[in-house]
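Heads up: the structure comes next, in structure tokens.
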4 protein chains.
Amino acid sequence: MKKIRASIVGASGYTGGELLRLLHFHPAVEIMQVTSERFFGKYVSKVHPNLRKISSLKFSSLEDLEGCDLLLLCLPHKQAMGKLHFFMERADKLIDLSADFRLNSPEVYKKWYKEEHPHPEYLSKFIYGIPELHREEMKKADLISSAGCNATVTILGLYPLFKNQLVDTNKTVVEVKVGSSEGGNQASEASHHPVRSGSVRSFAPTHHRHSAEIEQELGFKEEEHLNFSVTSIEMVRGALATSHVFLKDQLEEKDIWKIYRQAYQDEPFIRIVKERDGNYRYPEPKLLAGTNYCDVGFALDPVSNRLVVISAIDNLMKGAAGQALQAMNLMCGFEETTGLTFPGLHPI
Amino acid sequence: MKKIRASIVGASGYTGGELLRLLHFHPAVEIMQVTSERFFGKYVSKVHPNLRKISSLKFSSLEDLEGCDLLLLCLPHKQAMGKLHFFMERADKLIDLSADFRLNSPEVYKKWYKEEHPHPEYLSKFIYGIPELHREEMKKADLISSAGCNATVTILGLYPLFKNQLVDTNKTVVEVKVGSSEGGNQASEASHHPVRSGSVRSFAPTHHRHSAEIEQELGFKEEEHLNFSVTSIEMVRGALATSHVFLKDQLEEKDIWKIYRQAYQDEPFIRIVKERDGNYRYPEPKLLAGTNYCDVGFALDPVSNRLVVISAIDNLMKGAAGQALQAMNLMCGFEETTGLTFPGLHPI
Amino acid sequence: MKKIRASIVGASGYTGGELLRLLHFHPAVEIMQVTSERFFGKYVSKVHPNLRKISSLKFSSLEDLEGCDLLLLCLPHKQAMGKLHFFMERADKLIDLSADFRLNSPEVYKKWYKEEHPHPEYLSKFIYGIPELHREEMKKADLISSAGCNATVTILGLYPLFKNQLVDTNKTVVEVKVGSSEGGNQASEASHHPVRSGSVRSFAPTHHRHSAEIEQELGFKEEEHLNFSVTSIEMVRGALATSHVFLKDQLEEKDIWKIYRQAYQDEPFIRIVKERDGNYRYPEPKLLAGTNYCDVGFALDPVSNRLVVISAIDNLMKGAAGQALQAMNLMCGFEETTGLTFPGLHPI
Amino acid sequence: MKKIRASIVGASGYTGGELLRLLHFHPAVEIMQVTSERFFGKYVSKVHPNLRKISSLKFSSLEDLEGCDLLLLCLPHKQAMGKLHFFMERADKLIDLSADFRLNSPEVYKKWYKEEHPHPEYLSKFIYGIPELHREEMKKADLISSAGCNATVTILGLYPLFKNQLVDTNKTVVEVKVGSSEGGNQASEASHHPVRSGSVRSFAPTHHRHSAEIEQELGFKEEEHLNFSVTSIEMVRGALATSHVFLKDQLEEKDIWKIYRQAYQDEPFIRIVKERDGNYRYPEPKLLAGTNYCDVGFALDPVSNRLVVISAIDNLMKGAAGQALQAMNLMCGFEETTGLTFPGLHPI
């Protein structure tokens, strides 16, 4: 197999580190450069200690970025979009892991990110990065914008229901529980261990920006609104969405099974998890650490016709680096699961 | 002050242990007996190691229970109700900490607990154990039924809104996050540390029994239904309810402030916690460990007129032993806060 | 009882916060001022959220510090010693909780802290702050230097053995496991939750400064040397010392019991914890959170005549604020246990 | 490559589950049977939920065990040894992961395990399962006894020093910190989450059985004795040994570097971890979760000539299943690292 040459821009963060780990073992990728201004010249294992004795790469500076086949952009929000042409001159294919190109509409972008987008003309050219929704487009794409972690876990939980128009949209309430790695690798008072440890922090009870992506991908109409909250809990990796939806029609559990099976039975990275007994009856994010799976389960309350959909991912994998690699595989014509077969650990 | 003589029935569990700790330091209570069949004859500190060198009590057997002024019943559900007359013969005042006498209606009891209540005539005689709702009744009561922990945290969060009839009842969605001590002190596969540790377990996405108490106390009509879910997270003590309610009228944040202040400004154990910045902008259960506080905060999403109410307690204190002691203080004419002034620790 | 007037200098840190909590409930103390330059003018509950609705104090600036009966100094190391006269002019009694006045010898100070002490003449005037070793001196003292947390837990574990000269000093190996609150309230990369969480960090395998205090108090000769290591583990509060000592003579377990009972049977804050079965056979720091106890246990390996002594404390209480308050009670003629009776929580 | 056919006996435990996960992805192994009496007939993913959608194997009963090339025995201690001939009739090659065949001497076995060994004649035929010590023997072996987890982490930390006879043997003190998965998958009061969570449990301050293996492999003489303690901390996977050794000669840090480099520079699964700064200066078990690495570091205290050696592993991997697979690779002539390349996650 002919290898592609890929570089990672902004490789010192958590997502960049995971991409580096994944690409290192990918049989069809040669890593060209990994950039970091802060750690320029240092070994990657200084920042990503799990790569000790595994990778002998050193960080380059962005200004030395050379041409290659594919660029994976892991810069902080609002940094990639300003340098879009710089990146496009260096590679034909781009996958951006920031929030810069996730929204199709410049108006919606401005509403949520509070400023004009510098390249509104590109917003519609980036494919939104969830392969389960945009697989065929990705196969032909040159520009992919990776999805937000909380958006991914919510969308994949709810997509079969919304696609089949089964839901009373406006009544939907989504509660995502997240770990501390979502905040990135920058220390702050909020991430100080004695403070963050054991906390149940109502991080974003309202106004979380991932709402915009979710509404877009689930097909909310302009006047419709998602009720979305994010709570940080004691966990490093992982996100679990508890989505409460009210069904338009009275469905039975077997109907729901059918809908989810139909949507996901051929998906390599989605598992329906719903068991009658045992310790793991519903999805558990800890079982997904290091994997690219999204586990989805549900419980029906027939009295109010409420369906509780439970979905879980590793925020750094299916919520970031893993999903970007899955998209890259599609974009480059590789087998979709290449480099993504780690099954997760138990116990953990 | 004349001391009352009190005994604790079922004192080897977590709630019994907390009651024992609290009563030990209560200036107006003399502990007569603490019963446990399993640990009969052993020192209480064998089971409650925090009481080493503090209490030299030994466990008695239930059959040796003597007369006293007040009995605190901490038996497993469905055990106290069968022995009601036995207990009433031994003390004029009873506080039952099980679920046996929380519901006023025998029909509702049967619906949720799947059997006929053996003493339906007493259901309406027990005062439901939240002092903030039933203070005056408690002062005259001989029978009090302590409230469920998840019910307490939800009811105290939502009571001012429901009392003022501000909420579109049926759309209410409540998500409670709980720690492992809610499951009691019996080891099981589900509580095995490698399994339970770090888990985000969708313990009861639907059909949690505390729904019935909450509906009763918030005044749900018969055809109305609470959408209630409980998720177990990495935590030993603590419960946090994230309650999503949809307001009937368009209110502003200052209106909500006013409603909560009006309801709670004189409450010794309720604090409104809502700050603009800092690490603890909303209630955090870890700060409440060992205290009898319920902290309540909120965030308003004006677009959908959704109010997210965040409330937190220590499930073993305000959710069990602490609240029972608060009720006891009222019932016995003591100062309401006696023995309940521990402020909690920081950091923790 | 006539109240004393006390002020806390440097009250925004973790130790200062604990002192503030304890003094607030102390019946014989009136808190005059609490200083913090960083939070000058703000309510203390902004920094110590457990004091919401409890304390309405605001932080003062050090330059506004007024005269009072007692000053508790919680400044960072090397800050109090430069201002010693400033403090002595404002109060007759000082308790310094930093490391500045713990060592009696200016030479030893210089060896461990790498600079000349500005007030060597005061080093011998401060009483080292462990009441179990220096109770009678404290009753007459005006200057007390609170002991280090890792030093306290080690010294109290080993004191009866060293006092009775039972130990082959140079072979002693001490391993202390500590929580993240030992690092104070300043966020750093090392305290970033995704990094610090779940870590077993060999923080100070050698050269920990508390060695000097321990050697001093256990009576090490100049040529003798303690083998001391500190490892940070997943925990916020708490310190547990596992001390391996080699006995000069072949003793049996009952001999050791006798030695510890003799030393500690009348101590209000030391418990000997050594049980044959159960979940808490040896000391556990989590049971001590918020308490002033030091629990001590031991296990004997007759083959090598090694005695493993296990001792545990809450580093912010018996390791800092609690022990300072115990010292204050002695210094001011109060009952030694006043304000320190919280027994700790179980489960936790 | 011709595949070997392997079966796992006792595959429902944690070690069996890890072996199953590893063998599933091993290119040269076909898994024939996995046995469990308790879960006979059930899918393996019912017990090992990380294998959902990955393995469709079901558990067999031991009595249906068929012939194959290699058996991996994961039975509880003292169960494999009674059935040795049964297993030898079914496969030419055996790897036993219990403690039954680790000790070479029947006398030493009896001393530590308190009964006569039923097959003393086989004790010397099993190769002790640490490849770094017994690689060449393994290549020719048919019988391998996998090493204990605490023994592995200690031996690999200290082996270069003992091999070079640099240590004052009798003064060696080893403190191992372990996670809850070491106790296996059977729930008990001791593993109950509210009890085990956050605990620092002095599990085996003396008399831990792994002492015997360590003494054997490090070449302790009969009259010499290891001072060994194990403490359980808040962690699921992982073991970290802090080994305090006293050097016979005054060595400098660069001498120690040389000794470790010489011993381990060609070892694929050992990394020397010792950095001047950063968050991961010494080995950290959490970084090793899921990997077969043993990380080793050290710190020298020249005053007492104490060397603190810090070594870490994943107890279920390098301490059990991973190391067994490494041994299997050697025994079967495969590349030693096959199936063991997972690098671990960061952050975690």
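Chain labels run A, B, ... following the order of the structure tokens; each chain numbers its residues from 1, and ligands are numbered from 1 in the order shown.
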Using only C-alpha atoms, determine which residues of chain C fall within 6 Å of chain B; present them as an mmCIF file with N, CA and C atoms, in the first residue's frame.
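Written output follows (iface13.cif):
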```
data_model
loop_
_atom_site.group_PDB
_atom_site.id
_atom_site.type_symbol
_atom_site.label_atom_id
_atom_site.label_comp_id
_atom_site.auth_asym_id
_atom_site.auth_seq_id
_atom_site.Cartn_x
_atom_site.Cartn_y
_atom_site.Cartn_z
ATOM 1 N N ASN C 50 -17.127 26.593 51.789
ATOM 2 C CA ASN C 50 -17.827 25.892 52.879
ATOM 3 C C ASN C 50 -18.315 26.851 53.956
ATOM 4 N N VAL C 236 -7.194 13.902 48.196
ATOM 5 C CA VAL C 236 -7.068 15.341 48.383
ATOM 6 C C VAL C 236 -6.495 15.634 49.769
ATOM 7 N N GLY C 344 -15.131 12.888 62.375
ATOM 8 C CA GLY C 344 -14.904 12.314 61.047
ATOM 9 C C GLY C 344 -16.115 11.559 60.554
ATOM 10 N N ILE C 348 -16.949 7.531 53.600
ATOM 11 C CA ILE C 348 -16.457 8.739 52.952
ATOM 12 C C ILE C 348 -15.569 8.313 51.801
#
```
Output chain C, superimposed onto chain B using in-order Cα pairs, as a short mmCIF file (atom, residue, chain, number, x, y, z; two decimals) with C-alpha atoms, in the first residue's frame:
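File out_31.cif, as written:
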```cif
data_model
loop_
_atom_site.label_atom_id
_atom_site.label_comp_id
_atom_site.auth_asym_id
_atom_site.auth_seq_id
_atom_site.Cartn_x
_atom_site.Cartn_y
_atom_site.Cartn_z
CA MET C 1 -32.44 21.24 79.47
CA LYS C 2 -34.14 17.95 80.13
CA LYS C 3 -32.67 15.29 77.90
CA ILE C 4 -34.80 12.91 75.91
CA ARG C 5 -33.90 9.26 75.74
CA ALA C 6 -33.63 7.98 72.15
CA SER C 7 -32.79 4.63 70.58
CA ILE C 8 -31.77 3.76 67.04
CA VAL C 9 -33.17 0.61 65.48
CA GLY C 10 -31.01 -0.78 62.67
CA ALA C 11 -27.95 1.17 63.66
CA SER C 12 -25.30 -0.74 61.75
CA GLY C 13 -26.09 0.73 58.36
CA TYR C 14 -24.76 3.96 56.94
CA THR C 15 -27.77 6.04 57.99
CA GLY C 16 -27.83 4.51 61.44
CA GLY C 17 -24.15 5.25 61.84
CA GLU C 18 -24.63 8.88 60.91
CA LEU C 19 -27.53 9.20 63.35
CA LEU C 20 -25.39 7.69 66.07
CA ARG C 21 -22.60 10.17 65.35
CA LEU C 22 -25.01 13.10 65.43
CA LEU C 23 -26.88 12.04 68.54
CA HIS C 24 -23.63 11.38 70.39
CA PHE C 25 -22.86 15.10 70.23
CA HIS C 26 -26.44 16.31 70.66
CA PRO C 27 -26.73 18.12 74.01
CA ALA C 28 -30.37 17.20 74.60
CA VAL C 29 -30.32 13.52 73.74
CA GLU C 30 -29.24 10.52 75.68
CA ILE C 31 -28.72 7.49 73.48
CA MET C 32 -30.36 4.50 75.13
CA GLN C 33 -29.90 1.59 72.75
CA VAL C 34 -28.70 0.95 69.23
CA THR C 35 -29.80 -2.30 67.66
CA SER C 36 -28.28 -4.60 65.09
CA GLU C 37 -28.94 -8.29 64.78
CA ARG C 38 -25.82 -8.91 62.74
CA PHE C 39 -23.46 -7.13 65.10
CA PHE C 40 -25.30 -7.86 68.34
CA GLY C 41 -22.92 -7.50 71.28
CA LYS C 42 -20.17 -5.78 69.35
CA TYR C 43 -18.90 -2.25 69.87
CA VAL C 44 -20.41 0.25 67.46
CA SER C 45 -16.92 1.38 66.48
CA LYS C 46 -16.31 -2.03 64.91
CA VAL C 47 -18.84 -1.07 62.24
CA HIS C 48 -18.48 2.71 62.39
CA PRO C 49 -14.72 3.18 62.70
CA ASN C 50 -15.03 6.96 62.91
CA LEU C 51 -16.45 6.46 66.39
CA ARG C 52 -13.38 4.76 67.81
CA LYS C 53 -12.47 6.25 71.18
CA ILE C 54 -15.68 8.32 70.95
CA SER C 55 -18.53 5.92 71.58
CA SER C 56 -18.29 2.88 73.80
CA LEU C 57 -21.81 1.70 73.01
CA LYS C 58 -22.52 -1.88 71.99
CA PHE C 59 -25.24 -3.11 69.69
CA SER C 60 -28.37 -4.59 71.27
CA SER C 61 -30.83 -6.95 69.71
CA LEU C 62 -34.20 -5.68 68.56
CA GLU C 63 -35.97 -8.10 70.87
CA ASP C 64 -34.35 -6.39 73.84
CA LEU C 65 -35.56 -2.96 72.82
CA GLU C 66 -36.74 -1.02 75.84
CA GLY C 67 -39.12 1.87 76.20
CA CYS C 68 -37.81 5.36 75.57
CA ASP C 69 -38.96 8.78 74.40
CA LEU C 70 -38.09 8.50 70.74
CA LEU C 71 -37.25 5.76 68.28
CA LEU C 72 -35.32 6.35 65.08
CA LEU C 73 -35.98 3.47 62.71
CA CYS C 74 -33.27 2.72 60.13
CA LEU C 75 -34.42 -0.68 58.99
CA PRO C 76 -34.44 -1.78 55.34
CA HIS C 77 -37.57 -0.93 53.39
CA LYS C 78 -40.66 -3.00 54.27
CA GLN C 79 -39.32 -4.10 57.65
CA ALA C 80 -40.46 -1.25 59.88
CA MET C 81 -44.02 -1.25 58.63
CA GLY C 82 -44.65 -4.80 59.75
CA LYS C 83 -43.54 -4.01 63.30
CA LEU C 84 -45.24 -0.66 63.68
CA HIS C 85 -47.17 -1.56 66.82
CA PHE C 86 -44.08 -3.06 68.41
CA PHE C 87 -42.34 0.28 68.01
CA MET C 88 -45.33 2.37 69.04
CA GLU C 89 -45.54 0.44 72.26
CA ARG C 90 -41.98 1.38 73.09
CA ALA C 91 -41.96 5.10 72.33
CA ASP C 92 -44.42 7.90 71.85
CA LYS C 93 -42.44 9.42 69.03
CA LEU C 94 -41.19 7.62 65.95
CA ILE C 95 -39.09 8.78 63.05
CA ASP C 96 -38.92 6.17 60.32
CA LEU C 97 -36.08 6.57 57.86
CA SER C 98 -37.25 3.88 55.44
CA ALA C 99 -39.60 4.39 52.52
CA ASP C 100 -42.48 2.67 54.30
CA PHE C 101 -44.54 5.68 55.34
CA ARG C 102 -43.58 8.38 52.86
CA LEU C 103 -46.54 8.14 50.55
CA ASN C 104 -49.92 9.37 51.76
CA SER C 105 -51.98 7.19 49.49
CA PRO C 106 -52.22 3.39 49.77
CA GLU C 107 -52.93 3.22 46.03
CA VAL C 108 -49.82 5.12 45.11
CA TYR C 109 -47.84 2.96 47.54
CA LYS C 110 -49.06 -0.18 45.87
CA LYS C 111 -48.36 1.17 42.41
CA TRP C 112 -44.69 1.86 43.20
CA TYR C 113 -43.88 -0.78 45.79
CA LYS C 114 -45.89 -3.59 44.21
CA GLU C 115 -47.74 -4.76 47.27
CA GLU C 116 -50.52 -3.77 49.63
CA HIS C 117 -49.41 -1.66 52.56
CA PRO C 118 -50.03 -3.53 55.85
CA HIS C 119 -50.97 -0.32 57.69
CA PRO C 120 -52.72 1.93 55.18
CA GLU C 121 -54.46 3.73 58.02
CA TYR C 122 -51.13 5.15 59.17
CA LEU C 123 -49.98 6.49 55.84
CA SER C 124 -51.69 9.81 56.33
CA LYS C 125 -50.58 10.07 59.94
CA PHE C 126 -46.87 10.19 59.22
CA ILE C 127 -45.60 13.68 58.39
CA TYR C 128 -43.39 13.68 55.31
CA GLY C 129 -39.95 14.47 56.58
CA ILE C 130 -38.82 17.68 54.89
CA PRO C 131 -38.96 20.43 57.53
CA GLU C 132 -38.89 23.20 54.93
CA LEU C 133 -42.27 21.97 53.70
CA HIS C 134 -43.83 20.63 56.90
CA ARG C 135 -42.27 22.52 59.78
CA GLU C 136 -45.42 23.44 61.65
CA GLU C 137 -46.90 19.97 61.36
CA MET C 138 -43.67 18.47 62.68
CA LYS C 139 -43.82 20.57 65.81
CA LYS C 140 -47.02 18.78 66.70
CA ALA C 141 -46.24 15.38 65.27
CA ASP C 142 -45.52 12.04 66.88
CA LEU C 143 -44.87 10.19 63.63
CA ILE C 144 -42.46 11.40 60.96
CA SER C 145 -41.36 9.57 57.86
CA SER C 146 -37.98 10.75 56.65
CA ALA C 147 -37.78 11.67 52.97
CA GLY C 148 -35.77 9.85 50.31
CA CYS C 149 -32.41 11.38 49.49
CA ASN C 150 -33.02 11.83 45.75
CA ALA C 151 -36.49 13.11 46.55
CA THR C 152 -35.16 15.63 49.06
CA VAL C 153 -32.60 17.12 46.70
CA THR C 154 -35.16 17.38 43.90
CA ILE C 155 -38.02 18.73 45.98
CA LEU C 156 -35.94 21.39 47.68
CA GLY C 157 -34.61 22.54 44.32
CA LEU C 158 -38.04 22.82 42.74
CA TYR C 159 -40.41 23.61 45.58
CA PRO C 160 -40.47 27.43 45.24
CA LEU C 161 -41.33 27.12 41.55
CA PHE C 162 -44.09 24.56 41.98
CA LYS C 163 -45.55 26.27 45.01
CA ASN C 164 -45.90 29.40 42.91
CA GLN C 165 -47.30 27.37 40.01
CA LEU C 166 -44.73 28.65 37.56
CA VAL C 167 -43.92 25.39 35.84
CA ASP C 168 -45.22 23.44 32.87
CA THR C 169 -45.35 20.31 35.02
CA ASN C 170 -45.30 17.53 32.48
CA LYS C 171 -42.23 18.78 30.67
CA THR C 172 -40.07 18.68 33.79
CA VAL C 173 -36.96 16.52 33.42
CA VAL C 174 -34.83 15.75 36.49
CA GLU C 175 -31.42 14.11 36.36
CA VAL C 176 -29.90 13.16 39.70
CA LYS C 177 -26.23 12.18 40.03
CA VAL C 178 -25.50 10.06 43.06
CA GLY C 179 -22.63 8.44 44.92
CA SER C 180 -22.11 4.85 45.93
CA SER C 181 -23.20 5.24 49.54
CA GLU C 182 -26.82 5.45 48.35
CA GLY C 183 -26.64 1.72 47.83
CA GLY C 184 -26.08 1.06 51.50
CA ASN C 185 -23.41 -0.97 53.21
CA GLN C 186 -24.09 -4.36 51.63
CA ALA C 187 -21.36 -5.40 49.20
CA SER C 188 -22.44 -6.73 45.83
CA GLU C 189 -21.02 -7.26 42.36
CA ALA C 190 -22.38 -3.86 41.40
CA SER C 191 -20.46 -2.20 44.21
CA HIS C 192 -17.17 -4.08 43.58
CA HIS C 193 -14.53 -1.36 43.41
CA PRO C 194 -12.98 -2.25 40.03
CA VAL C 195 -16.49 -2.20 38.55
CA ARG C 196 -17.99 0.77 40.38
CA SER C 197 -14.90 2.96 40.31
CA GLY C 198 -15.00 5.67 37.66
CA SER C 199 -18.33 4.46 36.40
CA VAL C 200 -21.12 6.62 35.01
CA ARG C 201 -23.87 4.14 35.52
CA SER C 202 -27.36 4.80 34.22
CA PHE C 203 -28.77 3.27 37.35
CA ALA C 204 -32.42 4.23 36.91
CA PRO C 205 -33.10 6.09 33.68
CA THR C 206 -36.79 5.51 34.30
CA HIS C 207 -39.01 4.15 37.09
CA HIS C 208 -37.10 5.36 40.13
CA ARG C 209 -39.37 5.03 43.16
CA HIS C 210 -38.54 8.44 44.58
CA SER C 211 -40.60 9.85 41.69
CA ALA C 212 -43.70 9.09 43.70
CA GLU C 213 -42.63 11.16 46.70
CA ILE C 214 -41.57 14.04 44.53
CA GLU C 215 -44.84 14.10 42.63
CA GLN C 216 -46.72 14.01 45.92
CA GLU C 217 -44.83 16.85 47.55
CA LEU C 218 -44.65 19.08 44.48
CA GLY C 219 -48.38 18.68 43.96
CA PHE C 220 -48.47 16.80 40.68
CA LYS C 221 -52.00 15.98 39.62
CA GLU C 222 -52.92 12.37 39.08
CA GLU C 223 -52.49 12.53 35.32
CA GLU C 224 -49.21 14.40 35.55
CA HIS C 225 -45.89 12.60 35.50
CA LEU C 226 -42.34 13.46 36.49
CA ASN C 227 -39.54 12.59 34.08
CA PHE C 228 -36.92 11.40 36.52
CA SER C 229 -33.56 9.67 36.01
CA VAL C 230 -30.75 8.72 38.35
CA THR C 231 -27.13 8.22 37.29
CA SER C 232 -24.45 6.85 39.62
CA ILE C 233 -21.08 8.54 39.33
CA GLU C 234 -17.67 8.35 40.97
CA MET C 235 -18.46 9.68 44.42
CA VAL C 236 -19.19 8.11 47.79
CA ARG C 237 -21.37 10.73 49.43
CA GLY C 238 -23.51 13.30 47.71
CA ALA C 239 -26.38 13.86 45.36
CA LEU C 240 -26.81 16.61 42.79
CA ALA C 241 -30.05 17.17 40.93
CA THR C 242 -30.08 18.95 37.60
CA SER C 243 -33.72 19.81 37.09
CA HIS C 244 -34.86 21.18 33.75
CA VAL C 245 -38.18 22.99 34.05
CA PHE C 246 -40.05 25.01 31.49
CA LEU C 247 -41.63 28.16 32.87
CA LYS C 248 -45.19 29.06 31.99
CA ASP C 249 -44.35 32.75 31.77
CA GLN C 250 -41.29 34.52 30.49
CA LEU C 251 -39.38 35.40 33.65
CA GLU C 252 -36.07 37.12 34.07
CA GLU C 253 -33.24 36.04 36.26
CA LYS C 254 -34.06 38.64 38.89
CA ASP C 255 -37.58 37.25 39.14
CA ILE C 256 -36.19 33.83 39.87
CA TRP C 257 -33.86 35.25 42.48
CA LYS C 258 -36.83 36.86 44.15
CA ILE C 259 -38.83 33.66 44.22
CA TYR C 260 -36.00 31.67 45.75
CA ARG C 261 -35.09 34.36 48.25
CA GLN C 262 -38.68 34.62 49.36
CA ALA C 263 -38.95 30.90 49.86
CA TYR C 264 -35.61 30.26 51.47
CA GLN C 265 -34.14 33.37 53.04
CA ASP C 266 -35.02 32.30 56.57
CA GLU C 267 -34.20 28.66 56.11
CA PRO C 268 -31.21 27.70 58.23
CA PHE C 269 -30.15 24.83 55.99
CA ILE C 270 -30.74 26.15 52.49
CA ARG C 271 -28.28 28.35 50.66
CA ILE C 272 -28.75 29.89 47.25
CA VAL C 273 -25.50 29.33 45.37
CA LYS C 274 -25.10 31.17 42.12
CA GLU C 275 -21.95 33.11 41.42
CA ARG C 276 -20.61 34.80 38.34
CA ASP C 277 -17.11 33.40 38.53
CA GLY C 278 -14.88 31.20 40.61
CA ASN C 279 -14.64 27.47 40.91
CA TYR C 280 -17.87 26.96 42.78
CA ARG C 281 -20.45 28.93 40.82
CA TYR C 282 -23.19 26.37 41.41
CA PRO C 283 -23.86 23.86 44.19
CA GLU C 284 -21.25 21.14 44.67
CA PRO C 285 -22.12 18.07 46.73
CA LYS C 286 -18.57 17.48 47.89
CA LEU C 287 -18.62 20.73 49.86
CA LEU C 288 -21.65 19.43 51.74
CA ALA C 289 -20.17 16.17 53.02
CA GLY C 290 -21.13 15.88 56.67
CA THR C 291 -23.40 18.93 56.61
CA ASN C 292 -27.15 19.31 56.68
CA TYR C 293 -27.20 21.95 53.94
CA CYS C 294 -29.07 21.85 50.68
CA ASP C 295 -27.46 24.26 48.22
CA VAL C 296 -29.65 25.49 45.38
CA GLY C 297 -28.70 27.43 42.24
CA PHE C 298 -30.15 28.02 38.80
CA ALA C 299 -29.44 29.11 35.23
CA LEU C 300 -31.97 30.50 32.81
CA ASP C 301 -32.10 29.86 29.08
CA PRO C 302 -34.41 32.62 27.83
CA VAL C 303 -34.65 31.20 24.31
CA SER C 304 -36.67 28.19 25.37
CA ASN C 305 -37.70 29.60 28.74
CA ARG C 306 -35.95 26.64 30.35
CA LEU C 307 -34.77 27.06 33.89
CA VAL C 308 -32.05 24.67 34.99
CA VAL C 309 -32.19 24.26 38.75
CA ILE C 310 -29.15 22.74 40.40
CA SER C 311 -29.46 21.42 43.94
CA ALA C 312 -27.05 19.42 46.05
CA ILE C 313 -27.01 17.60 49.38
CA ASP C 314 -25.08 15.00 51.32
CA ASN C 315 -27.38 12.01 50.81
CA LEU C 316 -26.58 10.60 54.25
CA MET C 317 -27.16 13.93 56.00
CA LYS C 318 -29.80 16.26 54.54
CA GLY C 319 -30.86 13.18 52.55
CA ALA C 320 -31.21 10.95 55.63
CA ALA C 321 -29.75 11.24 59.14
CA GLY C 322 -29.27 15.00 59.25
CA GLN C 323 -32.76 15.75 58.06
CA ALA C 324 -34.17 13.23 60.52
CA LEU C 325 -32.35 15.00 63.31
CA GLN C 326 -33.65 18.36 62.10
CA ALA C 327 -37.14 16.87 62.22
CA MET C 328 -36.47 15.46 65.67
CA ASN C 329 -35.39 18.88 66.92
CA LEU C 330 -38.69 20.33 65.73
CA MET C 331 -40.73 17.45 67.09
CA CYS C 332 -39.09 17.70 70.51
CA GLY C 333 -39.10 21.46 70.79
CA PHE C 334 -35.32 21.88 70.50
CA GLU C 335 -33.58 24.57 68.50
CA GLU C 336 -33.87 23.36 64.90
CA THR C 337 -30.15 23.52 64.16
CA THR C 338 -28.93 21.79 67.32
CA GLY C 339 -26.26 19.22 66.56
CA LEU C 340 -26.21 20.13 62.89
CA THR C 341 -23.77 23.01 62.66
CA PHE C 342 -20.82 21.28 61.02
CA PRO C 343 -20.04 23.50 58.02
CA GLY C 344 -18.28 21.02 55.74
CA LEU C 345 -14.69 20.91 54.61
CA HIS C 346 -12.75 22.72 51.95
CA PRO C 347 -10.78 21.50 50.10
CA ILE C 348 -12.08 17.96 50.01
#
```
* Which of stretch 215-323 of chain A DSSP labels helix (DSSP H, G or I), written as an MDAnalysis selection string -> chainID A and resid 215:218 253:264 285:288 321:323
* Asked: as a PyMOL selection string, which residues of stretch 180-331 of chain C does DSSP assign to strand (DSSP E)?
  -> chain C and resi 201-204+227-232+239-246+270-272+294-301+306-313
